[in-house]
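Input: a single structure, listed below in structure tokens.
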Amino acid sequence: MINTEAQVFCPVLESYRGVVLSTGVYPSYGDISAYHMSACAIDTAIRNAVCAGGSFSNLAILDNFCWCSSYDEKRLFELVEAVKACYCYSIGYDTPLISGKDSMFNDFKGYDEKGKPVAISIPPTLLISAIGVVEDIRKVVSPEFKNAGDAIYLLGETYDELGASEYYKFLAEKEGNNSIGNNVPKVDLKKNLKIYSALEKVIEKELINSSISVASGGTLIALAKASIGGMIGCRVSLKDIPGVFSSKESVLFSESQGRIIVSVSPKNISSFEKIIGRISFKKIGSVYKDNKFIVKDAKDKKIIEKKVEGLAKIYHSFSDNMEQYGT
Amino acid sequence: MEHKIKKVKSKIEKPRVIVFSGYGLNCEEETKFAFESAGGKADIVHINDLIANPKILSEYQIIALPGGFSYGDDTGSGKAYANKIRNHLSKELKEFLSRDTLMIGICNGFQILASLNILPGALTYNKNGKYIDRWVDLKIEGKSPWLSNIKKISLPIAHGEGRYIISEKEYKKMKKSREIAFTYTKGEICNFQSLEKNPNGAKYDIAGVLGYNGRVLGMMPHPERAIFPYHSPLWQIKKARGNFKKNNLPHSKNMDMGDGILLFQNAVNYFKK
């Protein structure tokens, strides 16, 4: 079992029409760029919806500003940048902002335990939700791998965009500093629109068995989640994946936008590749019956071999540890 | 306890179902939809409207007490709604049960039937004190028109007070007369989602019980939430593996029906024999 990035509801019992809901949020990206944080939130919310079966013919977004006071010049600049991104990408994707919420003064001014004045503000954060109507819920696709023998594909391009990534934040915490990098992911609207449109088409034609959006944690985390969700193994090599990158960490953990991992039944491969031929993609491996999760890096060198049960235990350890607080 | 009833000889083409509503019950729409997809005619009636006109109960073949949070579970799930029934509809309910009719209590409805002593035992807080929302695997153990031709079934649960309690003496009696409807078992849901079979600590793994010779069924799981194959957590995997079971029923308007519909179909067909 894994958490999914999108949820599908079927509210009218007599109908197969449904509603898909998803979100995108990157609080840490704002430490580097409020513009790109907002762009990525929009791109991810849309990508998550399309991954499940959403369609650009019926997709809208909502903006939730969780902000601190913008009376400070620098903060005001960040706010304007975020709104600029909302304008740019909602128009670019033709996804109207139909509603939203603003909470604009999440600041605290008081005293610490020693009586010294203290001021704390939240990092400005934009949460984007996406909502769409799916015409036939029987066609929606869940993120986990399903069948041994299915081919695994990575759609989209990978770049050196580890700035404020989960991986860099993890390293910074280990080293006890704030060094979270500089190259926050940027959204290539035209390129991503092509990728998402191709994904929409292959889902409409029921050519794929699973699709998971690559977001927080990057490619390796998305692969792990897909395996844990299906409790099934895979053999993957990230050699020759599309994009431009200079470090092996980028290949594994970069949070470049516009990427999806799908699994395809062998009988659908030819029809599938015909449709995605116009975008950047690479067949990176296969789903395996044994429960072994094995991934090789860009140099085709094995960097992880672990049983899916072990990965599932790690994934669930957060909520399992919460059990002790409930009783 | 033996409940002697007069066997009705006439066939009923479209059995009538009364689905109770009001004061926080909230599953009536899906429950009505399930009965009608199975070929019945279901009316959602607010308990106050029924109390104002209690004679209408004699026009129905099936009573359904659906799920929900009646009275906000104040003083315990189902207790207040059961009191309202006890105080205003006892006579009509007794008359209903004396005819060859069927009754089902789902989740909150089961709690209401247990509080009314129409079914034995009691339902209390889940063993870990938390509301649980997941699917379970069930083994059919009981003899009942509701359960004809079903051996196992997977259904969703969503409850905070689903732990069934019964004395050992009463349990032995019920087991002998096949009045234990379902027990929690380890099946495809538990295996796929790595879940324990009994979600709430119910004694003897009891998920549902029967009364009145199997005509009354009380169950914690929600069959009306499993009437489409797409409700199951396994549907995507089954779709990908091509072993998707669809029950096409004449009344279901060409929609694919899931396993949950079988209980409703059994109830409707009981009156067609």
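Going by the structure tokens order, chains are called A, B, ..., each with residues numbered from 1, while ligands are numbered from 1 in the order shown.
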
Contacts of range 140-147 of chain A within 7 Å, only C-alpha atoms, excl. fewer than 6 positions in-chain, as an mmCIF file with N, CA and C atoms, in the first residue's frame:
data_model
loop_
_atom_site.group_PDB
_atom_site.id
_atom_site.type_symbol
_atom_site.label_atom_id
_atom_site.label_comp_id
_atom_site.auth_asym_id
_atom_site.auth_seq_id
_atom_site.Cartn_x
_atom_site.Cartn_y
_atom_site.Cartn_z
ATOM 1 N N ALA A 52 -3.341 9.979 -13.454
ATOM 2 C CA ALA A 52 -4.411 9.095 -12.990
ATOM 3 C C ALA A 52 -5.496 8.917 -14.053
ATOM 4 N N GLY A 53 -5.549 9.835 -15.012
ATOM 5 C CA GLY A 53 -6.587 9.743 -16.031
ATOM 6 C C GLY A 53 -7.279 11.059 -16.294
ATOM 7 N N ASN A 209 -0.463 0.020 -17.809
ATOM 8 C CA ASN A 209 -0.976 -0.646 -16.611
ATOM 9 C C ASN A 209 -0.759 0.147 -15.336
ATOM 10 N N SER A 210 0.198 1.073 -15.367
ATOM 11 C CA SER A 210 0.420 1.902 -14.178
ATOM 12 C C SER A 210 1.088 3.196 -14.609
ATOM 13 N N SER A 211 0.876 4.252 -13.824
ATOM 14 C CA SER A 211 1.622 5.476 -14.073
ATOM 15 C C SER A 211 1.811 6.225 -12.770
ATOM 16 N N ILE A 212 3.072 6.604 -12.495
ATOM 17 C CA ILE A 212 3.381 7.332 -11.273
ATOM 18 C C ILE A 212 4.161 8.584 -11.637
ATOM 19 N N ALA A 226 6.391 2.602 -6.681
ATOM 20 C CA ALA A 226 5.650 1.761 -7.627
ATOM 21 C C ALA A 226 5.810 0.279 -7.273
ATOM 22 N N SER A 227 7.000 -0.090 -6.821
ATOM 23 C CA SER A 227 7.235 -1.483 -6.416
ATOM 24 C C SER A 227 6.511 -1.820 -5.124
ATOM 25 N N GLY A 229 3.879 -0.381 -3.876
ATOM 26 C CA GLY A 229 2.437 -0.370 -4.089
ATOM 27 C C GLY A 229 1.936 -1.694 -4.646
ATOM 28 N N GLY A 230 2.724 -2.292 -5.547
ATOM 29 C CA GLY A 230 2.305 -3.552 -6.143
ATOM 30 C C GLY A 230 2.882 -4.755 -5.427
ATOM 31 N N ILE A 232 5.791 -5.940 -5.660
ATOM 32 C CA ILE A 232 6.350 -6.709 -6.780
ATOM 33 C C ILE A 232 7.711 -6.112 -7.132
ATOM 34 N N SER A 263 4.247 1.614 -16.612
ATOM 35 C CA SER A 263 4.521 0.213 -16.953
ATOM 36 C C SER A 263 3.510 -0.206 -18.024
ATOM 37 N N VAL A 287 9.118 -5.165 -14.891
ATOM 38 C CA VAL A 287 8.583 -5.615 -13.609
ATOM 39 C C VAL A 287 8.918 -7.096 -13.470
ATOM 40 N N GLN B 236 -7.634 -2.499 -9.806
ATOM 41 C CA GLN B 236 -6.639 -2.122 -10.814
ATOM 42 C C GLN B 236 -5.768 -3.323 -11.185
ATOM 43 N N ILE B 237 -5.349 -4.082 -10.161
ATOM 44 C CA ILE B 237 -4.500 -5.245 -10.430
ATOM 45 C C ILE B 237 -5.286 -6.302 -11.194
ATOM 46 N N ALA B 240 -5.581 -5.240 -14.758
ATOM 47 C CA ALA B 240 -4.327 -5.421 -15.496
ATOM 48 C C ALA B 240 -4.055 -6.896 -15.780
ATOM 49 N N ARG B 241 -4.546 -7.766 -14.885
ATOM 50 C CA ARG B 241 -4.301 -9.206 -15.086
ATOM 51 C C ARG B 241 -5.423 -9.869 -15.843
#

Give me, as a tab-separated table, each residue of chain A that comes within 12 Å of chain B, together with its shortest interatomic pair and the distance in Å at one decimal, counting only C-alpha atoms, with rows ordered by chain and rising residue number.
residue	atom	partner	partner_atom	distance
A:Met1	CA	B:Gln193	CA	5.7
A:Ile2	CA	B:Gln193	CA	9.5
A:Val8	CA	B:Tyr230	CA	10.8
A:Phe9	CA	B:His231	CA	10.2
A:Cys10	CA	B:Tyr230	CA	9.7
A:Pro11	CA	B:Glu30	CA	10.5
A:Val12	CA	B:Glu30	CA	10.0
A:Leu13	CA	B:Phe33	CA	7.7
A:Glu14	CA	B:Met255	CA	8.1
A:Ser15	CA	B:Met255	CA	8.7
A:Tyr16	CA	B:Met255	CA	8.7
A:Gly18	CA	B:Tyr230	CA	11.8
A:Ala52	CA	B:Gln236	CA	11.6
A:Asp136	CA	B:Tyr230	CA	11.4
A:Ile137	CA	B:Tyr230	CA	8.3
A:Arg138	CA	B:Tyr230	CA	7.3
A:Lys139	CA	B:Gln236	CA	9.6
A:Val140	CA	B:Gln236	CA	8.6
A:Val141	CA	B:Gln236	CA	7.3
A:Ser142	CA	B:Gln236	CA	6.8
A:Pro143	CA	B:Gln236	CA	9.7
A:Glu144	CA	B:Ile237	CA	8.9
A:Phe145	CA	B:Ile237	CA	8.7
A:Lys146	CA	B:Ile237	CA	5.8
A:Asn147	CA	B:Arg241	CA	7.0
A:Ala148	CA	B:Arg241	CA	10.0
A:Gly149	CA	B:Arg241	CA	11.5
A:Asp150	CA	B:Ala240	CA	10.1
A:Glu206	CA	B:Ala240	CA	10.0
A:Leu207	CA	B:Ala240	CA	10.3
A:Ile208	CA	B:Ala240	CA	8.9
A:Asn209	CA	B:Ala240	CA	5.9
A:Ser210	CA	B:Gln236	CA	8.8
A:Ser211	CA	B:Gln236	CA	11.7
A:Ile228	CA	B:Gln193	CA	10.2
A:Gly229	CA	B:Gln193	CA	8.8
A:Gly230	CA	B:Phe192	CA	8.2
A:Met231	CA	B:Phe192	CA	7.6
A:Ile232	CA	B:Phe192	CA	10.5
A:Ser263	CA	B:Ala240	CA	10.6
A:Val264	CA	B:Ala240	CA	9.8
A:Ser265	CA	B:Ala240	CA	8.5
A:Pro266	CA	B:Ala240	CA	12.0
A:Lys267	CA	B:Ala240	CA	12.0
A:Asn268	CA	B:Ala240	CA	11.9
A:Glu309	CA	B:Ser194	CA	9.9
A:Ala312	CA	B:Ser194	CA	9.9
A:Lys313	CA	B:Ser194	CA	10.5
A:His316	CA	B:Ser194	CA	11.1
A:Glu323	CA	B:Asn128	CA	9.1
A:Gln324	CA	B:Asn128	CA	10.3
A:Tyr325	CA	B:Asn128	CA	11.3
A:Gly326	CA	B:Lys130	CA	7.9
A:Thr327	CA	B:Asn128	CA	6.7

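Counting only C-alpha atoms, the residue from A:Val244, A:Ala6, A:Val262, A:Ala39 that sits nearest to Val184 in chain A is A:Ala39.
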
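Shell of Ile118 in chain B at 9 Å, with only C-alpha atoms counted and residues fewer than 5 places along the chain excluded, is Ile112, Leu113, Gly211, Tyr212 and Val216 of chain B.
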
I want to know what sits within 9 Å of range 56-72 of chain B, based on only C-alpha atoms, with residues of the same chain fewer than 2 positions away left out; could you give that as a VMD selection string? chain B and resid 15 to 28 31 to 32 42 50 53 to 54 74 to 81 92 to 93 95 to 96 99 to 110 112 to 113 220 222 267 to 268 271

If you run DSSP over the backbone, which residues in range 151-222 of chain A end up helix (DSSP H, G or I)? Put them as an MDAnalysis selection string. chainID A and resid 166:175 189:204 218:222

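Using only C-alpha atoms, the protein and nucleic acid residues lying no more than 10 Å from Arg178 in chain B, apart from those fewer than 6 places from it along its own chain, are Glu141, Gly142, Lys143, Ser144, Lys172, Val209, Leu210, Gly211, Asn213 and Gly214 of chain B.
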
Tell me, which residues of range 101-191 of chain B carry DSSP strand (DSSP E), written as a PyMOL selection string? chain B and resi 102-106+122-124+132-140+152-159+163-165+180-185

Quick one: residues within 12 Å of Asp259 in chain B, only C-alpha atoms, excluding same-chain residues fewer than 5 positions away - as an MDAnalysis selection string? chainID B and resid 34 38 137:138 147 149:156 222:232 235 244:249 264:266

Find the residues around Gly201 in chain B up to 12 Å (only C-alpha atoms counted), leave out those fewer than 5 positions away in its own chain, and share them as number ranges by chain. B: 123-130, 132, 160-165, 183-184, 196, 206-207

Export, as a short mmCIF file (atom, residue, chain, number, x, y, z; two decimals), in the first residue's frame, the selected residues with all heavy atoms.
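So the final result, stored in again.cif, reads:
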data_model
loop_
_atom_site.label_atom_id
_atom_site.label_comp_id
_atom_site.auth_asym_id
_atom_site.auth_seq_id
_atom_site.Cartn_x
_atom_site.Cartn_y
_atom_site.Cartn_z
N LEU B 123 -22.14 -4.46 20.36
CA LEU B 123 -21.00 -3.93 19.62
C LEU B 123 -20.36 -2.82 20.42
O LEU B 123 -21.06 -1.91 20.90
CB LEU B 123 -21.47 -3.42 18.25
CG LEU B 123 -21.91 -4.55 17.33
CD1 LEU B 123 -22.98 -4.10 16.37
CD2 LEU B 123 -20.73 -5.11 16.56
N THR B 124 -19.08 -2.88 20.58
CA THR B 124 -18.40 -1.85 21.36
C THR B 124 -17.17 -1.32 20.63
O THR B 124 -16.94 -1.65 19.47
CB THR B 124 -18.04 -2.38 22.77
OG1 THR B 124 -17.53 -1.30 23.55
CG2 THR B 124 -16.98 -3.48 22.69
N TYR B 125 -16.37 -0.49 21.36
CA TYR B 125 -15.25 0.21 20.72
C TYR B 125 -14.21 -0.77 20.18
O TYR B 125 -13.90 -1.79 20.80
CB TYR B 125 -14.59 1.16 21.73
CG TYR B 125 -15.53 2.27 22.16
CD1 TYR B 125 -16.28 2.15 23.34
CD2 TYR B 125 -15.72 3.39 21.36
CE1 TYR B 125 -17.18 3.15 23.71
CE2 TYR B 125 -16.61 4.38 21.72
CZ TYR B 125 -17.35 4.25 22.89
OH TYR B 125 -18.24 5.22 23.24
N ASN B 126 -13.68 -0.43 19.01
CA ASN B 126 -12.61 -1.22 18.40
C ASN B 126 -11.46 -1.39 19.39
O ASN B 126 -11.22 -0.53 20.22
CB ASN B 126 -12.06 -0.54 17.14
CG ASN B 126 -13.08 -0.45 16.03
OD1 ASN B 126 -14.10 -1.14 16.06
ND2 ASN B 126 -12.82 0.41 15.06
N LYS B 127 -10.75 -2.51 19.27
CA LYS B 127 -9.73 -2.85 20.27
C LYS B 127 -8.65 -1.78 20.41
O LYS B 127 -8.11 -1.60 21.49
CB LYS B 127 -9.09 -4.20 19.95
CG LYS B 127 -8.26 -4.19 18.68
CD LYS B 127 -7.50 -5.49 18.45
CE LYS B 127 -6.76 -5.38 17.11
NZ LYS B 127 -6.45 -6.65 16.53
N ASN B 128 -8.32 -1.05 19.34
CA ASN B 128 -7.26 -0.04 19.46
C ASN B 128 -7.83 1.37 19.65
O ASN B 128 -7.12 2.35 19.51
CB ASN B 128 -6.31 -0.10 18.26
CG ASN B 128 -7.03 0.16 16.96
OD1 ASN B 128 -8.23 0.46 16.95
ND2 ASN B 128 -6.33 0.02 15.86
N GLY B 129 -9.12 1.44 19.94
CA GLY B 129 -9.73 2.73 20.26
C GLY B 129 -9.81 3.69 19.09
O GLY B 129 -10.03 4.89 19.31
N LYS B 130 -9.60 3.20 17.88
CA LYS B 130 -9.61 4.12 16.74
C LYS B 130 -10.68 3.73 15.72
O LYS B 130 -11.05 2.57 15.60
CB LYS B 130 -8.26 4.08 16.03
CG LYS B 130 -7.15 4.75 16.80
CD LYS B 130 -5.89 4.84 15.94
CE LYS B 130 -4.69 4.53 16.77
NZ LYS B 130 -3.55 4.10 15.98
N ILE B 132 -11.65 2.81 12.16
CA ILE B 132 -10.89 2.11 11.12
C ILE B 132 -11.63 2.10 9.80
O ILE B 132 -12.82 1.83 9.74
CB ILE B 132 -10.60 0.65 11.54
CG1 ILE B 132 -9.65 0.66 12.74
CG2 ILE B 132 -9.95 -0.13 10.41
CD1 ILE B 132 -9.25 -0.71 13.18
N GLY B 160 -15.93 2.81 14.30
CA GLY B 160 -15.17 2.97 15.53
C GLY B 160 -15.64 2.01 16.59
O GLY B 160 -14.92 1.70 17.54
N GLU B 161 -16.90 1.51 16.43
CA GLU B 161 -17.47 0.60 17.44
C GLU B 161 -17.94 -0.68 16.75
O GLU B 161 -19.13 -0.95 16.66
CB GLU B 161 -18.64 1.28 18.16
CG GLU B 161 -18.20 2.48 19.01
CD GLU B 161 -19.38 3.24 19.62
OE1 GLU B 161 -20.28 2.59 20.19
OE2 GLU B 161 -19.39 4.49 19.53
N GLY B 162 -16.99 -1.47 16.26
CA GLY B 162 -17.37 -2.67 15.51
C GLY B 162 -17.00 -3.97 16.21
O GLY B 162 -17.18 -5.05 15.65
N ARG B 163 -16.49 -3.85 17.46
CA ARG B 163 -16.03 -5.05 18.16
C ARG B 163 -17.23 -5.78 18.74
O ARG B 163 -17.87 -5.32 19.70
CB ARG B 163 -15.06 -4.62 19.26
CG ARG B 163 -14.44 -5.78 19.99
CD ARG B 163 -13.19 -5.33 20.72
NE ARG B 163 -12.93 -6.20 21.85
CZ ARG B 163 -12.88 -5.82 23.11
NH1 ARG B 163 -13.04 -4.55 23.42
NH2 ARG B 163 -12.67 -6.68 24.04
N TYR B 164 -17.52 -6.95 18.14
CA TYR B 164 -18.70 -7.73 18.54
C TYR B 164 -18.38 -8.55 19.78
O TYR B 164 -17.34 -9.20 19.86
CB TYR B 164 -19.12 -8.65 17.39
CG TYR B 164 -20.41 -9.38 17.64
CD1 TYR B 164 -21.64 -8.72 17.55
CD2 TYR B 164 -20.41 -10.74 17.98
CE1 TYR B 164 -22.83 -9.40 17.80
CE2 TYR B 164 -21.60 -11.42 18.22
CZ TYR B 164 -22.80 -10.74 18.13
OH TYR B 164 -23.98 -11.40 18.37
N ILE B 165 -19.27 -8.50 20.75
CA ILE B 165 -19.09 -9.23 22.01
C ILE B 165 -20.25 -10.20 22.20
O ILE B 165 -21.41 -9.83 21.99
CB ILE B 165 -19.08 -8.26 23.21
CG1 ILE B 165 -18.06 -7.14 23.00
CG2 ILE B 165 -18.80 -8.99 24.51
CD1 ILE B 165 -16.63 -7.55 23.09
N THR B 183 -17.34 -14.43 9.37
CA THR B 183 -16.19 -14.22 10.25
C THR B 183 -15.09 -13.55 9.43
O THR B 183 -15.00 -13.77 8.21
CB THR B 183 -15.65 -15.53 10.83
OG1 THR B 183 -15.49 -16.48 9.77
CG2 THR B 183 -16.58 -16.11 11.88
N TYR B 184 -14.27 -12.73 10.11
CA TYR B 184 -13.12 -12.12 9.45
C TYR B 184 -12.11 -13.21 9.17
O TYR B 184 -11.80 -14.02 10.03
CB TYR B 184 -12.49 -11.04 10.34
CG TYR B 184 -13.39 -9.87 10.67
CD1 TYR B 184 -13.86 -9.68 11.97
CD2 TYR B 184 -13.79 -8.97 9.68
CE1 TYR B 184 -14.70 -8.61 12.28
CE2 TYR B 184 -14.63 -7.90 9.99
CZ TYR B 184 -15.09 -7.73 11.28
OH TYR B 184 -15.91 -6.68 11.58
N GLU B 196 -3.94 -7.39 9.14
CA GLU B 196 -4.41 -8.49 9.98
C GLU B 196 -5.89 -8.74 9.65
O GLU B 196 -6.60 -7.83 9.22
CB GLU B 196 -4.24 -8.15 11.47
CG GLU B 196 -4.91 -6.86 11.90
CD GLU B 196 -4.81 -6.60 13.39
OE1 GLU B 196 -4.51 -7.54 14.16
OE2 GLU B 196 -5.04 -5.45 13.80
N ILE B 206 -16.18 -12.44 14.71
CA ILE B 206 -17.54 -12.30 14.16
C ILE B 206 -17.73 -10.92 13.51
O ILE B 206 -17.53 -9.89 14.15
CB ILE B 206 -18.60 -12.53 15.25
CG1 ILE B 206 -18.58 -14.00 15.67
CG2 ILE B 206 -20.00 -12.16 14.74
CD1 ILE B 206 -19.47 -14.31 16.86
N ALA B 207 -18.12 -10.93 12.23
CA ALA B 207 -18.35 -9.70 11.50
C ALA B 207 -19.83 -9.43 11.28
O ALA B 207 -20.23 -8.32 10.95
CB ALA B 207 -17.63 -9.75 10.15
#
